[in-house]
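The data block below is coords-v4.txt; it holds compact mmCIF, C-alpha atoms.
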```txt
# COMPACT_ATOMS: atom_id res chain seq x y z
CA MET A 1 -3.53 122.87 111.20
CA ALA A 2 -4.17 125.57 108.65
CA LYS A 3 -7.74 126.73 108.88
CA THR A 4 -9.08 129.17 106.33
CA GLN A 5 -12.36 130.98 106.05
CA THR A 6 -13.63 133.66 103.74
CA LEU A 7 -15.88 136.30 105.18
CA PRO A 8 -18.03 138.72 103.21
CA LEU A 9 -17.50 142.44 103.58
CA GLN A 10 -20.47 144.30 102.17
CA GLN A 11 -22.01 146.18 105.07
CA GLU A 12 -21.18 147.63 108.43
CA THR A 13 -22.35 144.56 110.35
CA ASP A 14 -19.84 142.42 108.42
CA ILE A 15 -17.06 144.35 110.13
CA VAL A 16 -18.43 143.28 113.50
CA LEU A 17 -18.45 139.67 112.34
CA ILE A 18 -14.90 139.92 111.00
CA ARG A 19 -13.72 141.32 114.32
CA GLN A 20 -15.37 138.45 116.18
CA GLN A 21 -13.88 135.80 113.90
CA VAL A 22 -10.40 137.36 114.05
CA ARG A 23 -10.62 137.44 117.83
CA LYS A 24 -11.64 133.78 117.86
CA ALA A 25 -8.76 132.82 115.57
CA ALA A 26 -6.30 134.83 117.68
CA GLU A 27 -7.59 133.11 120.80
CA SER A 28 -7.32 129.68 119.27
CA ILE A 29 -3.64 130.13 118.38
CA ARG A 30 -3.23 131.46 121.93
CA LEU A 31 -2.03 134.96 121.21
CA GLY A 32 -1.67 137.15 124.29
CA ILE A 33 -4.53 139.49 125.11
CA ILE A 34 -2.63 142.56 123.90
CA SER A 35 -1.66 140.91 120.59
CA GLN A 36 -5.25 139.73 120.18
CA THR A 37 -6.57 143.24 120.63
CA LYS A 38 -3.97 144.60 118.21
CA ILE A 39 -4.79 142.23 115.35
CA VAL A 40 -8.54 142.67 115.93
CA THR A 41 -8.17 146.44 115.84
CA ALA A 42 -6.01 146.33 112.70
CA ALA A 43 -8.57 144.05 111.03
CA SER A 44 -11.32 146.48 111.97
CA GLU A 45 -9.41 149.43 110.49
CA ILE A 46 -8.54 147.74 107.23
CA ALA A 47 -11.98 146.21 106.81
CA ARG A 48 -13.62 149.56 107.34
CA ASN A 49 -11.31 151.15 104.79
CA ALA A 50 -12.19 148.43 102.28
CA LEU A 51 -15.87 149.05 102.92
CA ILE A 52 -15.88 152.85 102.93
CA TYR A 53 -13.24 153.61 100.30
CA GLY A 54 -13.28 150.35 98.36
CA GLY A 55 -17.03 149.77 98.33
CA GLY A 56 -16.77 146.36 99.98
CA GLY A 57 -14.98 143.14 99.21
CA GLU A 58 -14.00 140.12 101.24
CA CYS A 59 -11.75 139.00 104.01
CA VAL A 60 -9.79 135.77 104.07
CA LEU A 61 -8.86 134.67 107.56
CA GLU A 62 -6.33 131.93 108.11
CA GLU A 63 -4.93 130.21 111.16
CA THR A 64 -1.52 129.04 110.09
CA GLN A 65 2.16 129.01 110.95
CA ARG A 66 4.95 131.45 110.32
CA ASN A 67 8.57 130.41 110.89
CA GLY A 68 7.32 127.60 113.09
CA LYS A 69 5.14 129.89 115.19
CA PRO A 70 1.36 129.81 115.25
CA ALA A 71 0.09 132.78 113.29
CA VAL A 72 -3.03 134.52 112.06
CA ARG A 73 -3.04 135.76 108.50
CA LEU A 74 -5.62 138.13 107.10
CA LEU A 75 -6.12 139.15 103.52
CA ILE A 76 -8.61 141.92 102.94
CA LYS A 77 -9.48 142.71 99.35
CA ASP A 78 -11.74 145.22 97.68
CA ASN A 79 -12.49 146.18 94.11
CA GLY A 80 -12.54 149.89 94.70
CA PRO A 81 -10.62 152.68 92.98
CA GLY A 82 -7.34 151.57 94.56
CA ILE A 83 -4.69 153.76 96.14
CA ALA A 84 -2.76 155.92 93.69
CA ASP A 85 -0.03 157.05 96.05
CA ILE A 86 0.59 154.34 98.64
CA GLU A 87 3.50 156.16 100.27
CA ARG A 88 1.34 159.18 100.93
CA ALA A 89 -1.56 157.05 102.18
CA MET A 90 0.77 155.48 104.75
CA VAL A 91 1.67 158.84 106.32
CA ASP A 92 0.15 159.48 109.75
CA GLY A 93 -2.72 161.88 109.52
CA TYR A 94 -3.26 161.71 105.77
CA THR A 95 -6.82 160.91 104.80
CA SER A 96 -8.79 161.15 101.60
CA GLY A 97 -12.03 160.95 103.56
CA ASN A 98 -12.81 162.47 106.93
CA GLY A 99 -11.23 160.00 109.33
CA LEU A 100 -8.24 160.55 111.54
CA GLY A 101 -5.85 159.36 108.84
CA LEU A 102 -4.36 156.74 111.11
CA GLY A 103 -6.04 153.58 109.87
CA LEU A 104 -3.37 152.36 107.44
CA SER A 105 -0.30 153.65 109.21
CA GLY A 106 -1.64 152.67 112.62
CA SER A 107 -2.54 149.16 111.49
CA ARG A 108 0.98 148.67 110.18
CA ARG A 109 2.28 149.38 113.67
CA LEU A 110 -0.21 146.97 115.24
CA VAL A 111 0.77 143.85 113.28
CA ASP A 112 3.97 141.86 112.75
CA GLU A 113 3.88 142.04 109.00
CA PHE A 114 1.94 144.33 106.72
CA SER A 115 1.87 144.36 102.96
CA ILE A 116 -0.27 146.31 100.59
CA ASP A 117 -0.97 145.68 96.96
CA SER A 118 -2.85 148.42 95.17
CA ALA A 119 -2.77 150.75 92.22
CA ALA A 120 -5.18 153.31 90.88
CA GLY A 121 -8.09 151.55 89.23
CA ARG A 122 -7.58 147.95 90.34
CA GLY A 123 -8.64 147.68 93.94
CA THR A 124 -6.66 147.13 97.07
CA ALA A 125 -5.46 143.99 98.82
CA ILE A 126 -3.90 144.22 102.25
CA GLU A 127 -2.24 141.35 104.05
CA LEU A 128 -1.80 141.33 107.81
CA TRP A 129 0.18 138.86 109.93
CA LYS A 130 0.35 138.44 113.64
CA TRP A 131 2.22 135.55 115.24
CA ARG A 132 2.93 134.32 118.71
CA MET B 1 -52.47 116.08 78.21
CA SER B 2 -52.49 119.78 78.87
CA SER B 3 -52.37 121.70 82.09
CA THR B 4 -56.18 121.59 82.21
CA ALA B 5 -55.96 117.82 82.14
CA ILE B 6 -53.50 117.87 84.99
CA ALA B 7 -55.88 120.12 86.86
CA GLU B 8 -58.65 117.64 86.15
CA LEU B 9 -56.49 114.84 87.49
CA LEU B 10 -55.84 116.85 90.62
CA ARG B 11 -59.53 117.54 91.07
CA ASN B 12 -60.69 113.97 90.49
CA HIS B 13 -58.19 112.42 92.87
CA GLU B 14 -58.02 115.15 95.44
CA ALA B 15 -58.90 113.04 98.45
CA THR B 16 -56.54 110.14 97.74
CA LEU B 17 -53.79 112.49 96.67
CA LEU B 18 -54.11 114.39 99.93
CA ASP B 19 -53.83 111.22 102.01
CA VAL B 20 -50.77 109.96 100.16
CA TRP B 21 -49.15 113.39 100.20
CA VAL B 22 -49.58 113.87 103.95
CA ALA B 23 -48.18 110.37 104.48
CA ALA B 24 -45.23 111.25 102.22
CA GLN B 25 -44.57 114.38 104.24
CA ARG B 26 -44.58 112.36 107.41
CA ASN B 27 -42.15 109.86 105.88
CA ALA B 28 -39.90 112.64 104.68
CA GLY B 29 -39.40 113.54 108.28
CA MET B 30 -41.58 116.59 108.73
CA ARG B 31 -41.20 117.55 112.34
CA LEU B 32 -44.54 116.85 113.93
CA ASP B 33 -43.31 118.28 117.18
CA LEU B 34 -43.02 121.72 115.62
CA MET B 35 -46.22 121.56 113.62
CA ASN B 36 -49.22 119.56 114.60
CA GLU B 37 -50.71 117.07 112.21
CA SER B 38 -53.99 118.89 111.69
CA THR B 39 -52.14 122.03 110.54
CA ILE B 40 -50.26 119.96 107.98
CA VAL B 41 -53.49 118.44 106.69
CA THR B 42 -55.23 121.82 106.53
CA ASN B 43 -52.27 123.42 104.76
CA SER B 44 -51.92 120.55 102.34
CA ALA B 45 -55.61 120.48 101.50
CA GLU B 46 -55.70 124.20 100.92
CA LEU B 47 -52.60 124.19 98.74
CA LEU B 48 -53.97 121.30 96.72
CA ARG B 49 -57.24 123.10 96.12
CA LYS B 50 -55.56 126.33 95.11
CA LEU B 51 -53.08 124.45 92.98
CA THR B 52 -55.93 122.80 91.11
CA THR B 53 -57.66 126.08 90.43
CA ALA B 54 -54.45 127.76 89.28
CA ALA B 55 -53.28 124.84 87.14
CA ALA B 56 -56.56 124.87 85.25
CA GLN B 57 -55.67 128.34 83.95
CA GLY B 58 -52.17 127.50 82.75
CA MET B 59 -48.98 126.27 84.37
CA ASP B 60 -46.31 128.13 82.44
CA ASP B 61 -46.17 131.49 84.08
CA LEU B 62 -46.05 131.62 87.86
CA ASP B 63 -46.09 135.40 87.77
CA ALA B 64 -49.58 135.33 86.31
CA ALA B 65 -52.35 136.61 88.54
CA HIS B 66 -54.09 133.26 88.93
CA TRP B 67 -51.06 131.82 90.71
CA GLN B 68 -51.17 134.53 93.36
CA PRO B 69 -53.37 132.56 95.82
CA VAL B 70 -50.91 129.65 95.72
CA LYS B 71 -47.97 131.95 96.24
CA THR B 72 -49.67 133.78 99.09
CA LEU B 73 -50.35 130.49 100.83
CA LEU B 74 -46.73 129.35 100.41
CA GLU B 75 -45.52 132.73 101.65
CA GLN B 76 -47.61 132.44 104.78
CA PHE B 77 -46.56 128.85 105.32
CA SER B 78 -42.82 129.47 104.80
CA PHE B 79 -42.89 132.56 106.95
CA ASN B 80 -44.46 130.64 109.81
CA GLN B 81 -41.98 127.83 109.34
CA SER B 82 -39.02 130.18 109.59
CA ARG B 83 -40.46 131.73 112.75
CA ALA B 84 -40.98 128.28 114.23
CA GLY B 85 -37.35 127.39 113.69
CA VAL B 86 -37.94 124.73 111.04
CA SER B 87 -35.05 124.18 108.61
CA PRO B 88 -35.26 125.42 104.99
CA SER B 89 -35.06 121.90 103.56
CA GLU B 90 -37.99 120.81 105.69
CA THR B 91 -39.93 123.79 104.41
CA ALA B 92 -39.17 122.88 100.81
CA THR B 93 -40.07 119.26 101.50
CA PHE B 94 -43.65 120.40 101.95
CA VAL B 95 -43.87 121.09 98.21
CA PHE B 96 -41.36 118.55 96.94
CA SER B 97 -43.05 115.65 98.69
CA LEU B 98 -46.05 116.19 96.45
CA LYS B 99 -44.00 114.94 93.52
CA GLU B 100 -44.10 111.25 94.23
CA PRO B 101 -47.88 110.83 94.64
CA LEU B 102 -48.62 113.20 91.78
CA PHE B 103 -46.19 111.51 89.37
CA LYS B 104 -47.68 108.15 90.21
CA LEU B 105 -51.10 109.49 89.39
CA ILE B 106 -49.90 110.92 86.07
CA GLN B 107 -48.22 107.69 85.15
CA GLU B 108 -51.44 105.79 85.73
CA HIS B 109 -53.72 108.13 83.82
CA SER B 110 -51.73 110.07 81.27
CA ALA B 111 -51.24 109.21 77.62
CA GLU B 112 -47.88 110.97 77.61
CA PRO B 113 -46.55 110.51 81.14
CA LEU B 114 -43.05 111.80 80.40
CA VAL B 115 -44.25 115.13 79.02
CA ASP B 116 -46.68 115.68 81.85
CA ILE B 117 -44.25 114.66 84.54
CA TRP B 118 -41.72 117.10 83.12
CA ALA B 119 -44.26 119.92 83.15
CA THR B 120 -45.30 119.07 86.69
CA THR B 121 -41.78 118.77 88.00
CA GLN B 122 -40.91 122.18 86.60
CA LEU B 123 -43.91 123.65 88.30
CA LEU B 124 -43.24 122.03 91.65
CA ASP B 125 -39.55 122.96 91.51
CA LYS B 126 -40.49 126.58 91.00
CA LEU B 127 -42.96 126.46 93.86
CA GLY B 128 -40.40 124.75 96.08
CA LEU B 129 -37.80 127.38 95.33
CA TYR B 130 -40.37 130.06 95.90
CA SER B 131 -41.13 128.68 99.35
CA ILE B 132 -37.41 128.66 100.17
CA GLU B 133 -37.13 132.27 99.07
CA CYS B 134 -40.04 133.20 101.32
CA PHE B 135 -38.46 131.23 104.12
CA MET B 136 -35.25 133.20 103.72
CA SER B 137 -36.96 136.55 103.67
CA GLY B 138 -38.78 135.47 106.83
CA ARG B 139 -35.42 134.73 108.43
CA GLU B 140 -34.00 138.01 107.25
CA SER B 141 -36.86 139.94 108.76
CA VAL B 142 -36.19 138.19 112.06
CA ILE B 143 -32.54 139.19 111.85
CA ARG B 144 -33.45 142.76 110.99
CA GLU B 145 -35.80 142.96 113.95
CA GLN B 146 -33.08 141.68 116.21
CA GLN B 147 -30.59 144.21 114.89
CA GLU B 148 -33.07 146.98 115.47
CA SER B 149 -33.81 145.84 118.98
CA MET B 150 -30.06 145.81 119.62
CA LEU B 151 -29.94 149.44 118.57
CA GLU B 152 -32.70 150.20 120.97
CA LEU B 153 -30.72 148.70 123.80
CA SER B 154 -29.39 152.18 123.91
CA THR B 155 -27.01 152.95 126.69
CA PRO B 156 -28.62 154.96 129.44
CA VAL B 157 -26.99 158.11 130.67
CA VAL B 158 -26.99 157.97 134.46
CA GLU B 159 -26.53 160.71 137.00
CA LEU B 160 -23.93 159.62 139.54
CA TRP B 161 -23.99 162.74 141.63
CA ASP B 162 -25.14 166.31 141.39
CA GLY B 163 -23.52 167.56 138.21
CA ILE B 164 -21.75 164.29 137.40
CA LEU B 165 -23.04 162.10 134.58
CA ALA B 166 -21.81 158.69 133.52
CA ILE B 167 -22.43 156.73 130.36
CA PRO B 168 -21.33 153.09 130.41
CA LEU B 169 -20.75 152.05 126.81
CA ILE B 170 -21.14 148.37 125.98
CA GLY B 171 -20.53 146.41 122.80
CA ALA B 172 -19.40 147.38 119.33
CA LEU B 173 -19.45 151.12 118.77
CA ASP B 174 -20.39 151.29 115.13
CA SER B 175 -21.81 154.29 113.35
CA ASN B 176 -25.52 154.65 114.14
CA ARG B 177 -25.48 153.49 117.70
CA THR B 178 -22.49 155.62 118.66
CA GLN B 179 -24.16 158.65 117.15
CA ILE B 180 -27.37 158.07 119.13
CA VAL B 181 -25.53 157.40 122.36
CA MET B 182 -23.31 160.45 122.03
CA GLU B 183 -26.22 162.74 121.25
CA ALA B 184 -28.07 161.40 124.26
CA LEU B 185 -25.10 162.27 126.44
CA LEU B 186 -24.91 165.83 125.13
CA GLU B 187 -28.63 166.34 125.67
CA LYS B 188 -28.46 164.99 129.19
CA ILE B 189 -25.59 167.37 129.97
CA VAL B 190 -27.83 170.30 129.15
CA GLU B 191 -30.85 168.82 130.88
CA THR B 192 -29.09 168.14 134.18
CA GLU B 193 -26.74 171.11 133.99
CA SER B 194 -23.84 168.78 134.65
CA ASP B 195 -20.30 169.90 134.23
CA ILE B 196 -18.56 166.53 134.34
CA ALA B 197 -19.39 163.51 132.17
CA ILE B 198 -17.68 160.16 132.58
CA ILE B 199 -17.59 158.01 129.44
CA ASP B 200 -16.87 154.44 130.52
CA ILE B 201 -15.57 152.12 127.80
CA THR B 202 -14.98 149.03 129.94
CA GLY B 203 -17.54 147.13 127.85
CA VAL B 204 -16.17 148.15 124.48
CA PRO B 205 -14.07 145.29 123.05
CA THR B 206 -12.34 147.22 120.28
CA VAL B 207 -11.26 150.83 120.10
CA ASP B 208 -10.19 151.59 116.56
CA THR B 209 -9.69 154.98 114.96
CA MET B 210 -13.38 155.39 114.22
CA VAL B 211 -14.39 154.77 117.81
CA ALA B 212 -11.57 157.06 118.95
CA GLN B 213 -12.78 159.72 116.57
CA HIS B 214 -16.32 159.46 117.96
CA LEU B 215 -14.98 159.77 121.49
CA ILE B 216 -12.86 162.78 120.62
CA LYS B 217 -15.76 164.49 118.88
CA THR B 218 -18.04 163.93 121.86
CA VAL B 219 -15.44 165.23 124.28
CA THR B 220 -14.94 168.31 122.11
CA ALA B 221 -18.68 168.92 121.80
CA ALA B 222 -19.14 168.58 125.56
CA LYS B 223 -16.28 170.99 126.08
CA LEU B 224 -18.00 173.55 123.87
CA MET B 225 -20.97 173.33 126.19
CA GLY B 226 -18.76 173.89 129.19
CA ALA B 227 -18.68 170.32 130.41
CA GLN B 228 -15.63 168.21 130.94
CA CYS B 229 -15.36 164.57 129.95
CA ILE B 230 -13.40 161.84 131.62
CA ILE B 231 -12.87 158.60 129.72
CA SER B 232 -12.65 155.61 132.01
CA GLY B 233 -12.33 151.86 131.66
CA ILE B 234 -9.22 151.88 129.52
CA ARG B 235 -7.79 148.40 129.91
CA PRO B 236 -4.09 147.66 129.30
CA GLN B 237 -4.66 146.07 125.89
CA ILE B 238 -6.76 149.02 124.75
CA ALA B 239 -4.13 151.47 125.97
CA ALA B 240 -1.39 149.60 124.09
CA THR B 241 -3.49 149.51 120.94
CA ILE B 242 -4.37 153.20 121.05
CA VAL B 243 -0.68 154.09 121.43
CA HIS B 244 0.33 151.96 118.45
CA LEU B 245 -2.48 153.31 116.34
CA GLY B 246 -1.08 156.76 117.04
CA VAL B 247 -4.35 158.23 118.26
CA GLU B 248 -3.87 161.34 120.38
CA LEU B 249 -6.55 161.81 122.98
CA GLY B 250 -5.26 165.33 123.63
CA ASP B 251 -5.86 166.74 127.08
CA VAL B 252 -8.76 164.40 127.89
CA ILE B 253 -8.51 162.97 131.39
CA THR B 254 -8.45 159.18 131.18
CA LYS B 255 -8.69 156.65 133.98
CA ALA B 256 -8.43 152.89 134.23
CA SER B 257 -11.63 152.43 136.18
CA LEU B 258 -14.97 154.15 136.63
CA ALA B 259 -14.32 154.43 140.37
CA ASP B 260 -11.10 156.36 139.70
CA ALA B 261 -12.90 158.65 137.30
CA PHE B 262 -15.68 159.28 139.83
CA ARG B 263 -13.08 160.14 142.47
CA VAL B 264 -11.47 162.66 140.12
CA ALA B 265 -14.86 164.16 139.30
CA LEU B 266 -15.77 164.59 142.97
CA LYS B 267 -12.42 166.14 143.68
CA GLN B 268 -12.85 168.62 140.86
CA GLN B 269 -16.22 169.60 142.26
CA GLY B 270 -14.74 170.00 145.69
CA THR B 271 -17.13 167.40 147.09
CA ARG B 272 -15.78 165.45 150.03
CA PHE B 273 -17.28 162.62 152.00
CA ILE B 274 -17.09 162.66 155.74
CA ALA B 275 -17.57 159.44 157.66
CA ALA B 276 -20.58 159.55 159.98
CA THR B 277 -18.63 157.93 162.76
CA SER B 278 -14.99 158.58 163.27
CA ARG B 279 -12.81 155.55 162.75
```
As structure tokens, what does this structure read like?
Amino acid sequence: MAKTQTLPLQQETDIVLIRQQVRKAAESIRLGIISQTKIVTAASEIARNALIYGGGGECVLEETQRNGKPAVRLLIKDNGPGIADIERAMVDGYTSGNGLGLGLSGSRRLVDEFSIDSAAGRGTAIELWKWR
Amino acid sequence: MSSTAIAELLRNHEATLLDVWVAAQRNAGMRLDLMNESTIVTNSAELLRKLTTAAAQGMDDLDAAHWQPVKTLLEQFSFNQSRAGVSPSETATFVFSLKEPLFKLIQEHSAEPLVDIWATTQLLDKLGLYSIECFMSGRESVIREQQESMLELSTPVVELWDGILAIPLIGALDSNRTQIVMEALLEKIVETESDIAIIDITGVPTVDTMVAQHLIKTVTAAKLMGAQCIISGIRPQIAATIVHLGVELGDVITKASLADAFRVALKQQGTRFIAATSR
């Protein structure tokens, strides 16, 4: 039942498309409306980060299973400058741009599993999971 | 046989070539419902004529000036096709279907058919690809127009009551549009001398930190002008998401529905309704 698709992430309108596809995937594994909204919002945050700070990349969206439960998995990658200090970036209110500084930390609270792979100079990959 | 010879061949057999080509297009499944037959014939005849003229001056470099008429014609044709909703392969078929009749002709008349067919196929491939490119840029311009018209579907700021404005936001609140909408609200506050503005987000599917930031900025700006904002239409799932994101809306009054927000606004103004007949 695994269903995977790769979505481009090069401009603002791609974020809208990613949100729509994530919502569709969340609906099709029958997540509740609150969980749906949470994963869509997290996807929107992380995708925007990848676009603004990482200069764009791509988003892999997968409908799969996790511990026997239907799940949505998202992997958002960019080839930007990477995050030098991940711990600091995950603190509420810290931002290197001019946002609210809640995108990363907030997204972590919105999903069931959150992992981040990044280092200065080699881009950022963030994995998000939400299951039923 | 050089390109001039191919041009000669094209010129000498123009009429038969045209007939066979149009028949080939029909066989290849050109959609006659989307394009009438006479248009196809006119287009084909014109392309053939221009192709002949251009080929006579050399077939190697399509960027050369003498190929411009051919390219302009293909541009026009592909653009119209994309507007008419024809598929890209059908558009390319227009050029590619010329191969069969033309190759046959070369085989019959050329001393070195292989060489000439190779030269011709390269040419037609380039022209075919060119028409697909034009088709795509036609599509893209359609998409761009649609995006722009979406932007223009700007949300109207409506006056609900003396001094009470409402702005029902609908759809994705991304960058440009949000900016325009928010500025419109601030202007309208000044224009109508309102002191309460209701921002209704019932129609906004996702409230992420950027949308929240836009809302907070607007509320703050309105406050600086002496107006108060009420955010309404916060559905349960949006409320839960905002809490988990950790966004603080500060001392902004928020309500679940527009009706609730309107009630609060009237109350703040001290406006009361009195039934005309006592119940």
Counting only C-alpha atoms, which residues have an atom no more than 8 Å from (-44.3, 133.7, 94.5) in the file's coordinates? Please list them as a CSV table (one decimal) with C-alpha atoms, keeping the file's coordinate frame.
```csv
chain,number,residue,atom,x,y,z
B,62,LEU,CA,-46.0,131.6,87.9
B,63,ASP,CA,-46.1,135.4,87.8
B,67,TRP,CA,-51.1,131.8,90.7
B,68,GLN,CA,-51.2,134.5,93.4
B,70,VAL,CA,-50.9,129.6,95.7
B,71,LYS,CA,-48.0,132.0,96.2
B,72,THR,CA,-49.7,133.8,99.1
B,74,LEU,CA,-46.7,129.4,100.4
B,75,GLU,CA,-45.5,132.7,101.6
B,127,LEU,CA,-43.0,126.5,93.9
B,130,TYR,CA,-40.4,130.1,95.9
B,131,SER,CA,-41.1,128.7,99.4
```
Would you list the contacts of stretch 109-116 of chain B as a ChimeraX atom specification, taking every protein, DNA or RNA residue within 9 Å and counting all atoms listed in the file, but skipping same-chain residues closer than 2 positions in sequence? /B:1-3,5-6,9,103-107,118-121
Please tabulate, as JSON lines, the residues of chain A that come within 10 Å of chain B, each with its closest pair of atoms and the distance in Å to one decimal, counting all atoms listed in the file and ordering rows by chain, then residue number upward.
```
{"residue": "A:Glu12", "atom": "CA", "partner": "B:Asp174", "partner_atom": "CA", "distance": 7.7}
{"residue": "A:Thr13", "atom": "CA", "partner": "B:Asp174", "partner_atom": "CA", "distance": 8.5}
{"residue": "A:Ile15", "atom": "CA", "partner": "B:Asp174", "partner_atom": "CA", "distance": 9.2}
{"residue": "A:Val16", "atom": "CA", "partner": "B:Ala172", "partner_atom": "CA", "distance": 7.2}
{"residue": "A:Arg19", "atom": "CA", "partner": "B:Thr206", "partner_atom": "CA", "distance": 8.5}
{"residue": "A:Gln20", "atom": "CA", "partner": "B:Pro205", "partner_atom": "CA", "distance": 9.8}
{"residue": "A:Gly32", "atom": "CA", "partner": "B:Gln237", "partner_atom": "CA", "distance": 9.5}
{"residue": "A:Ile33", "atom": "CA", "partner": "B:Gln237", "partner_atom": "CA", "distance": 6.6}
{"residue": "A:Ile34", "atom": "CA", "partner": "B:Gln237", "partner_atom": "CA", "distance": 4.5}
{"residue": "A:Ser35", "atom": "CA", "partner": "B:Gln237", "partner_atom": "CA", "distance": 8.0}
{"residue": "A:Gln36", "atom": "CA", "partner": "B:Gln237", "partner_atom": "CA", "distance": 8.6}
{"residue": "A:Thr37", "atom": "CA", "partner": "B:Gln237", "partner_atom": "CA", "distance": 6.3}
{"residue": "A:Lys38", "atom": "CA", "partner": "B:Thr241", "partner_atom": "CA", "distance": 5.6}
{"residue": "A:Ile39", "atom": "CA", "partner": "B:Thr241", "partner_atom": "CA", "distance": 9.3}
{"residue": "A:Val40", "atom": "CA", "partner": "B:Thr206", "partner_atom": "CA", "distance": 7.4}
{"residue": "A:Thr41", "atom": "CA", "partner": "B:Asp208", "partner_atom": "CA", "distance": 5.6}
{"residue": "A:Ala42", "atom": "CA", "partner": "B:Asp208", "partner_atom": "CA", "distance": 7.7}
{"residue": "A:Ala43", "atom": "CA", "partner": "B:Asp208", "partner_atom": "CA", "distance": 9.5}
{"residue": "A:Ser44", "atom": "CA", "partner": "B:Asp208", "partner_atom": "CA", "distance": 7.0}
{"residue": "A:Glu45", "atom": "CA", "partner": "B:Asp208", "partner_atom": "CA", "distance": 6.5}
{"residue": "A:Arg48", "atom": "CA", "partner": "B:Met210", "partner_atom": "CA", "distance": 9.0}
{"residue": "A:Asp92", "atom": "CA", "partner": "B:Gly246", "partner_atom": "CA", "distance": 7.9}
{"residue": "A:Gly93", "atom": "CA", "partner": "B:Gly246", "partner_atom": "CA", "distance": 9.2}
{"residue": "A:Gly99", "atom": "CA", "partner": "B:Met210", "partner_atom": "CA", "distance": 7.1}
{"residue": "A:Leu100", "atom": "CA", "partner": "B:Thr209", "partner_atom": "CA", "distance": 6.7}
{"residue": "A:Gly101", "atom": "CA", "partner": "B:Thr209", "partner_atom": "CA", "distance": 8.4}
{"residue": "A:Leu102", "atom": "CA", "partner": "B:Leu245", "partner_atom": "CA", "distance": 6.5}
{"residue": "A:Gly103", "atom": "CA", "partner": "B:Thr209", "partner_atom": "CA", "distance": 6.4}
{"residue": "A:Leu104", "atom": "CA", "partner": "B:Leu245", "partner_atom": "CA", "distance": 9.0}
{"residue": "A:Ser105", "atom": "CA", "partner": "B:Leu245", "partner_atom": "CA", "distance": 7.5}
{"residue": "A:Gly106", "atom": "CA", "partner": "B:Leu245", "partner_atom": "CA", "distance": 3.9}
{"residue": "A:Ser107", "atom": "CA", "partner": "B:Leu245", "partner_atom": "CA", "distance": 6.4}
{"residue": "A:Arg108", "atom": "CA", "partner": "B:Leu245", "partner_atom": "CA", "distance": 8.5}
{"residue": "A:Arg109", "atom": "CA", "partner": "B:His244", "partner_atom": "CA", "distance": 5.8}
{"residue": "A:Leu110", "atom": "CA", "partner": "B:His244", "partner_atom": "CA", "distance": 6.0}
{"residue": "A:Val111", "atom": "CA", "partner": "B:His244", "partner_atom": "CA", "distance": 9.6}
```
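Separating atom CA of A:Thr4 from atom CA of A:Ser115 is a distance of 19.0 Å.
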With 9 Å as the threshold, what does the neighbourhood of (-0.9, 131.5, 116.4) contain in terms of residues, counting all atoms listed in the file? Coordinates are those of the file; answer as a list in words.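 The residues that fall inside the cut-off are Ala25, Ala26, Glu27, Ser28, Ile29, Arg30, Leu31, Glu63, Thr64, Gln65, Arg66, Lys69, Pro70, Ala71, Val72, Lys130, Trp131 and Arg132 of chain A.
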What is the distance between atom CA of B:Ser97 and atom CA of B:Glu140, in Å to one decimal? 25.6 Å
Please list as a count of residues only every residue within 10 Å of B:Glu183, counting all atoms listed in the file and excluding residues in the same chain fewer than 5 positions away. 6
Could you jot down the atom CA of B:Met182 to atom CA of A:Thr95 separation for me, Å, one decimal place? 23.9 Å
Spatial neighbours of A:Gly80, 6 Å, all atoms listed in the file, chain gap at least 5 places, as JSON, numbers by chain: {"A": [54, 55, 123]}
Selection from above, C-alpha atoms, as an mmCIF file, in the coordinates of the input, can you write it?
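The file below, out_12.cif, is the result:
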```cif
data_model
loop_
_atom_site.group_PDB
_atom_site.id
_atom_site.type_symbol
_atom_site.label_atom_id
_atom_site.label_comp_id
_atom_site.auth_asym_id
_atom_site.auth_seq_id
_atom_site.Cartn_x
_atom_site.Cartn_y
_atom_site.Cartn_z
ATOM 1 C CA GLY A 54 -13.280 150.350 98.360
ATOM 2 C CA GLY A 55 -17.030 149.770 98.330
ATOM 3 C CA GLY A 123 -8.640 147.680 93.940
#
```
Name the closest residue to B:Ile143 among the candidates B:Ser82, B:Ser194, B:Gln179, B:Asn36; distances are taken between atoms, counting all atoms listed in the file.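 So, comparing all the options, the nearest one is B:Ser82.
Considering all atoms listed in the file, the residue among A:Ile46, A:Leu61, A:Ile126, A:Leu75 positioned nearest to A:Ala2 is A:Leu61.
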Using all atoms listed in the file, which residue out of B:Lys223, B:Leu215, B:Pro88, B:Leu17 lies closest to B:Leu47? B:Leu17
Neighbour list for B:Ala184 as a ChimeraX atom specification, cut-off 12 Å, only C-alpha atoms, skip fewer than 3 positions in-chain: /B:154-158,165-167,177-181,187-191,197,218,222
Shortest contact to A:Leu7, candidates A:Ala84, A:Ala120, A:Leu74, A:Cys59, atoms counted only C-alpha atoms, goes to A:Cys59
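Minimum atom-to-atom distances from A:Asp117, A:Ala125, A:Glu58, A:Asn67 to A:Glu87 were compared using only C-alpha atoms, and the lowest value belongs to A:Asp117.
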Surrounding residues of A:Ile86 excluding itself and chain neighbours under 3 positions, 9 Å, all atoms listed in the file, as a short mmCIF file (atom, residue, chain, number, x, y, z; two decimals) with C-alpha atoms, keeping the file's coordinate frame:
```
data_model
loop_
_atom_site.label_atom_id
_atom_site.label_comp_id
_atom_site.auth_asym_id
_atom_site.auth_seq_id
_atom_site.Cartn_x
_atom_site.Cartn_y
_atom_site.Cartn_z
CA ILE A 83 -4.69 153.76 96.14
CA ALA A 89 -1.56 157.05 102.18
CA MET A 90 0.77 155.48 104.75
CA VAL A 91 1.67 158.84 106.32
CA ILE A 116 -0.27 146.31 100.59
CA ASP A 117 -0.97 145.68 96.96
CA SER A 118 -2.85 148.42 95.17
CA ALA A 119 -2.77 150.75 92.22
#
```
